[in-house]
Amino acid sequence: MPDYKAVTVSKGRGGWGGPLVIKPTDDKPLIYSVTGGGIHPVAQRIADLTGGQPFDGFKGSAPFDKIAVAVIDCGGTARIGVYPMKKVLTVDIHATSPSGPLASFINEQNFVSGVSADDIVEGA
Amino acid sequence: MTAATGTTRYATTVTKVGEMVPAFVEKGMLIFFGENAPAELHDMSVLHRPDVADGGLAVGDLLILDDDEFPILAVGHVANDNLVNLGHIDLKFNGETTPPLGGDVCLPKEVPPTLKPGSTFRVVGPAPKNTANTEIKEIP
């Protein structure tokens with residue numbers, strides 16, 4: 001069994017929301033990267049620091065209740081609201097603010113944006 | 001129709017239209033994802049399988065959905081990356097010439113066409129100029 005650790009993810013330059021504390025568990029081990037080009041470096045860093053399991057959303061499917069955090073590279077319409085709607089903590093690498101048809105599901109407790117690897121620190 | 005004979009930047013065929021797509025059409029919006037997108041994105045998306053995925057969409061290109069042509073009015077700063085990497089594009093039929101969101105590609109304000117499996121999506125740029133020996137020069 002991995003020994004999971006917490007990280008705190010803060011908004012980056014021009015970003016919005018958070019900070020979010022991410023701590024995977026045995027029930028929610030996945031660091032779910034829904035991004036272009038495979039596992040995004042932000043997702044990889046969260047996985048490295050927490051002991052969570054990186055998972056490429058474009059190569060398989062994962063049940064929402066297994067996802068500790070979704071990392072997206074959303075431009076503000078679709079993915080930005082899908083994961084908050086499904087009650088999945090969401091990290092957008094782009095500096096978006098709540099927008100799109102599902103904007104009402106996005107809040108500072110479930111979403112943080114503009115995030116780069118430097119915005120992820122160990123601890124809660 | 002001169003632009004339609006230019007560089008094909010993207011060409012794809014619709015494989016599935018999600019259940020929520022008509023609701024987005026009513027808001028002047030069409031969301032596309034490549035058909036390998038995760039399942040939670042299927043309901044809201046037009047899924048497709050591209051033949052040409054070069055990208056490089058720019059203002060003034062022509063976007064062609066089946067037989068309907070739309071001039072591209074604005075391209076958000078992440079739109080091309082999303083299209084090339086994920087087959088993802090947010091078409092906004094809003095008439096805007098500056099993109100409200102980074103993922104937006106803005107088109108004239110009109111009702112989006114109804115797409116179905118087999119529908120085609122193409123983006124065509126101007127015909128390439130003979131630029132073999134042309135260097136990009138800074139404007140003083």
# chains A, B, ... in the order shown; residues from 1 in each chain; ligands from 1
$ select_by_dssp --residues "chain A" --states "strand (DSSP E)" --output "PyMOL selection string"
chain A and resi 7-9+20-22+30-34+53-56+67-72+90-92+111-113+120-122
$ closest_atom_pairs --of "chain B" --to "chain A" --cutoff "10 Å" --atoms "only C-alpha atoms" --output "CSV"
residue,atom,partner,partner_atom,distance
B:Ala23,CA,A:Pro101,CA,9.9
B:Phe24,CA,A:Pro101,CA,8.1
B:Lys27,CA,A:Pro101,CA,9.0
B:Met29,CA,A:Thr77,CA,9.6
B:Ile31,CA,A:Ala78,CA,7.5
B:Phe32,CA,A:Ala78,CA,9.6
B:Gly34,CA,A:Phe58,CA,9.3
B:Glu35,CA,A:Phe58,CA,9.3
B:Asn36,CA,A:Phe58,CA,5.8
B:Ala37,CA,A:Phe58,CA,5.3
B:Pro38,CA,A:Gly57,CA,5.6
B:Ala39,CA,A:Ser61,CA,6.8
B:Glu40,CA,A:Val82,CA,7.6
B:Leu41,CA,A:Arg79,CA,7.5
B:Met44,CA,A:Ala78,CA,7.9
B:Ser45,CA,A:Ala78,CA,8.8
B:Gly76,CA,A:Gly75,CA,8.0
B:His77,CA,A:Gly75,CA,8.4
B:Val78,CA,A:Gly75,CA,6.2
B:Ala79,CA,A:Gly75,CA,7.2
B:Asp81,CA,A:Gly36,CA,7.8
B:Asn82,CA,A:Gly36,CA,6.8
B:Leu83,CA,A:Gly36,CA,9.2
B:Val84,CA,A:Gly36,CA,8.5
B:Asn85,CA,A:Gly36,CA,4.9
B:Leu86,CA,A:Gly36,CA,5.7
B:Gly87,CA,A:Gly36,CA,9.4
B:His88,CA,A:Gly36,CA,9.6
B:Ile89,CA,A:Gly75,CA,9.2
B:Asp90,CA,A:Thr77,CA,7.1
B:Leu91,CA,A:Thr77,CA,9.9
B:Pro100,CA,A:Gly76,CA,9.2
B:Leu101,CA,A:Gly76,CA,5.8
B:Gly102,CA,A:Gly75,CA,4.6
B:Gly103,CA,A:Gly75,CA,3.8
B:Asp104,CA,A:Gly75,CA,7.2
$ select_by_dssp --residues "stretch 61-106 of chain A" --states "helix (DSSP H, G or I)" --output "JSON, numbers by chain"
{"A": [64, 65, 66, 79, 80, 81, 82, 83, 84, 85, 103, 104, 105]}
$ closest_residue --among "B:Glu110, B:Gly55, B:Leu115, B:Pro50" --to "B:Glu96" --atoms "only C-alpha atoms"
B:Glu110
$ residues_around --residues "stretch 4-16 of chain A" --least-positions-apart "6" --cutoff "10 Å" --atoms "only C-alpha atoms" --output "VMD selection string"
chain A and resid 22 to 26 29 42 45 to 52 91 to 98 107 to 108 111 to 124
$ write_last_selection --atoms "N, CA and C atoms" --output "tab-separated table (two decimals), in the first residue's frame"
chain	number	residue	atom	x	y	z
A	22	ILE	N	-4.68	18.28	-2.06
A	22	ILE	CA	-4.90	16.99	-2.75
A	22	ILE	C	-4.20	15.91	-1.95
A	23	LYS	N	-4.95	14.92	-1.53
A	23	LYS	CA	-4.33	13.76	-0.88
A	23	LYS	C	-5.04	12.50	-1.36
A	24	PRO	N	-4.38	11.74	-2.22
A	24	PRO	CA	-5.00	10.49	-2.68
A	24	PRO	C	-5.22	9.53	-1.51
A	25	THR	N	-6.11	8.59	-1.74
A	25	THR	CA	-6.34	7.52	-0.76
A	25	THR	C	-6.39	6.20	-1.52
A	26	ASP	N	-6.48	5.12	-0.79
A	26	ASP	CA	-6.61	3.81	-1.47
A	26	ASP	C	-7.88	3.78	-2.32
A	29	PRO	N	-7.09	6.83	-5.75
A	29	PRO	CA	-5.64	6.92	-5.95
A	29	PRO	C	-5.22	7.69	-7.20
A	42	VAL	N	2.31	18.87	-14.63
A	42	VAL	CA	1.63	19.23	-13.38
A	42	VAL	C	1.02	17.99	-12.73
A	45	ARG	N	3.85	15.87	-11.33
A	45	ARG	CA	4.41	16.38	-10.06
A	45	ARG	C	3.48	16.08	-8.89
A	46	ILE	N	2.18	16.25	-9.11
A	46	ILE	CA	1.23	15.91	-8.03
A	46	ILE	C	1.37	14.42	-7.69
A	47	ALA	N	1.49	13.59	-8.71
A	47	ALA	CA	1.62	12.15	-8.47
A	47	ALA	C	2.91	11.85	-7.72
A	48	ASP	N	4.01	12.49	-8.16
A	48	ASP	CA	5.31	12.22	-7.53
A	48	ASP	C	5.30	12.60	-6.05
A	49	LEU	N	4.68	13.73	-5.74
A	49	LEU	CA	4.71	14.22	-4.35
A	49	LEU	C	3.70	13.51	-3.46
A	50	THR	N	2.59	13.05	-4.03
A	50	THR	CA	1.54	12.46	-3.19
A	50	THR	C	1.62	10.94	-3.13
A	51	GLY	N	2.27	10.32	-4.11
A	51	GLY	CA	2.22	8.86	-4.21
A	51	GLY	C	1.00	8.38	-4.98
A	52	GLY	N	0.22	9.33	-5.54
A	52	GLY	CA	-0.94	8.95	-6.36
A	52	GLY	C	-0.49	8.35	-7.69
A	91	VAL	N	-7.78	20.90	-11.47
A	91	VAL	CA	-6.65	21.81	-11.65
A	91	VAL	C	-6.52	22.12	-13.14
A	92	ASP	N	-6.69	23.39	-13.51
A	92	ASP	CA	-6.52	23.79	-14.91
A	92	ASP	C	-5.16	24.47	-15.06
A	93	ILE	N	-4.37	23.99	-16.01
A	93	ILE	CA	-3.05	24.62	-16.21
A	93	ILE	C	-3.20	25.99	-16.87
A	94	HIS	N	-4.31	26.21	-17.56
A	94	HIS	CA	-4.56	27.53	-18.14
A	94	HIS	C	-5.23	28.43	-17.11
A	95	ALA	N	-5.00	29.74	-17.26
A	95	ALA	CA	-5.49	30.70	-16.27
A	95	ALA	C	-6.94	31.08	-16.55
A	96	THR	N	-7.84	30.13	-16.34
A	96	THR	CA	-9.26	30.37	-16.59
A	96	THR	C	-9.96	30.79	-15.30
A	97	SER	N	-11.12	31.39	-15.47
A	97	SER	CA	-12.05	31.67	-14.39
A	97	SER	C	-13.34	30.96	-14.73
A	98	PRO	N	-14.26	30.80	-13.76
A	98	PRO	CA	-15.49	30.05	-14.07
A	98	PRO	C	-16.17	30.58	-15.32
A	107	ASN	N	-16.27	26.28	-8.11
A	107	ASN	CA	-16.06	27.20	-6.99
A	107	ASN	C	-14.62	27.10	-6.50
A	108	GLU	N	-14.28	27.98	-5.54
A	108	GLU	CA	-12.89	28.04	-5.09
A	108	GLU	C	-12.47	26.82	-4.27
A	111	PHE	N	-11.81	24.00	-7.51
A	111	PHE	CA	-11.16	24.38	-8.76
A	111	PHE	C	-10.04	25.36	-8.50
A	112	VAL	N	-8.94	25.17	-9.23
A	112	VAL	CA	-7.83	26.14	-9.19
A	112	VAL	C	-7.20	26.17	-10.58
A	113	SER	N	-6.76	27.36	-11.01
A	113	SER	CA	-6.28	27.48	-12.40
A	113	SER	C	-4.98	28.27	-12.50
A	114	GLY	N	-4.45	28.24	-13.71
A	114	GLY	CA	-3.18	28.93	-13.97
A	114	GLY	C	-2.01	28.22	-13.33
A	115	VAL	N	-2.17	26.92	-13.07
A	115	VAL	CA	-1.23	26.18	-12.22
A	115	VAL	C	-0.03	25.67	-13.04
A	116	SER	N	1.16	25.93	-12.52
A	116	SER	CA	2.37	25.29	-13.06
A	116	SER	C	2.99	24.46	-11.94
A	117	ALA	N	4.04	23.73	-12.27
A	117	ALA	CA	4.63	22.82	-11.29
A	117	ALA	C	5.06	23.56	-10.02
A	118	ASP	N	5.48	24.83	-10.17
A	118	ASP	CA	5.94	25.61	-9.02
A	118	ASP	C	4.83	25.94	-8.03
A	119	ASP	N	3.58	25.79	-8.46
A	119	ASP	CA	2.45	26.14	-7.59
A	119	ASP	C	2.00	24.96	-6.73
A	120	ILE	N	2.74	23.87	-6.80
A	120	ILE	CA	2.39	22.67	-6.04
A	120	ILE	C	3.44	22.47	-4.94
A	121	VAL	N	3.00	22.53	-3.68
A	121	VAL	CA	3.95	22.35	-2.59
A	121	VAL	C	3.50	21.23	-1.68
A	122	GLU	N	4.48	20.59	-1.03
A	122	GLU	CA	4.15	19.50	-0.13
A	122	GLU	C	3.42	20.02	1.10
A	123	GLY	N	2.53	19.21	1.62
A	123	GLY	CA	1.85	19.53	2.87
A	123	GLY	C	0.45	20.08	2.63
A	124	ALA	N	-0.36	20.05	3.70
A	124	ALA	CA	-1.74	20.52	3.60
A	124	ALA	C	-1.83	21.97	4.06
$ closest_residue --among "B:Asp61, B:Asp43, B:Asp66, B:Glu19" --to "B:Val105" --atoms "only C-alpha atoms"
B:Asp61
$ atom_distance --atom1 "atom CA of A:Asn110" --atom2 "atom CA of A:Ala68"
11.4 Å
$ atom_distance --atom1 "atom CA of B:Leu65" --atom2 "atom CA of B:Thr12"
9.9 Å
$ residues_around --residues "B:Gly95" --least-positions-apart "4" --cutoff "6 Å" --atoms "only C-alpha atoms" --output "JSON, numbers by chain"
{"B": [107, 108, 109]}
$ atom_distance --atom1 "atom CA of B:Leu47" --atom2 "atom CA of B:Gly6"
25.3 Å
$ closest_residue --among "A:Ile80, A:Ile67, A:Ile106, A:Ala43" --to "A:Gly18" --atoms "only C-alpha atoms"
A:Ile106
$ closest_residue --among "A:Pro19, A:Asp65, A:Phe105, A:Ile72" --to "A:Pro84" --atoms "only C-alpha atoms"
A:Phe105
$ residues_around --residues "B:Val46" --least-positions-apart "4" --cutoff "7 Å" --atoms "only C-alpha atoms" --output "list in words"
Val14, Lys16, Val17, Gly18, Ile31, Phe32 and Phe33 of chain B
$ write_last_selection --atoms "C-alpha atoms" --output "tab-separated table (two decimals), in the first residue's frame"
chain	number	residue	atom	x	y	z
B	14	VAL	CA	-18.04	13.11	-37.28
B	16	LYS	CA	-20.99	10.51	-32.92
B	17	VAL	CA	-23.10	13.43	-31.70
B	18	GLY	CA	-23.65	13.59	-27.94
B	31	ILE	CA	-17.87	21.39	-28.80
B	32	PHE	CA	-15.72	18.82	-30.58
B	33	PHE	CA	-13.43	16.16	-29.17
$ residues_around --residues "B:Val25" --least-positions-apart "2" --cutoff "9 Å" --atoms "only C-alpha atoms" --output "ChimeraX atom specification"
/B:20-23,27-30,111-114
$ write_last_selection --atoms "C-alpha atoms" --output "PDB file, in the first residue's frame"
ATOM      1  CA  MET B  20     -26.440  17.343 -24.935  1.00  0.00           C
ATOM      2  CA  VAL B  21     -25.210  18.803 -28.231  1.00  0.00           C
ATOM      3  CA  PRO B  22     -28.618  20.212 -29.289  1.00  0.00           C
ATOM      4  CA  ALA B  23     -28.789  22.188 -26.022  1.00  0.00           C
ATOM      5  CA  LYS B  27     -26.601  28.620 -27.219  1.00  0.00           C
ATOM      6  CA  GLY B  28     -24.612  28.996 -30.445  1.00  0.00           C
ATOM      7  CA  MET B  29     -21.937  26.537 -29.401  1.00  0.00           C
ATOM      8  CA  LEU B  30     -20.463  23.329 -30.794  1.00  0.00           C
ATOM      9  CA  VAL B 111     -27.523  29.100 -35.689  1.00  0.00           C
ATOM     10  CA  PRO B 112     -24.935  26.291 -35.877  1.00  0.00           C
ATOM     11  CA  PRO B 113     -25.691  23.604 -38.430  1.00  0.00           C
ATOM     12  CA  THR B 114     -27.028  20.220 -37.315  1.00  0.00           C
TER      13      THR B 114
END
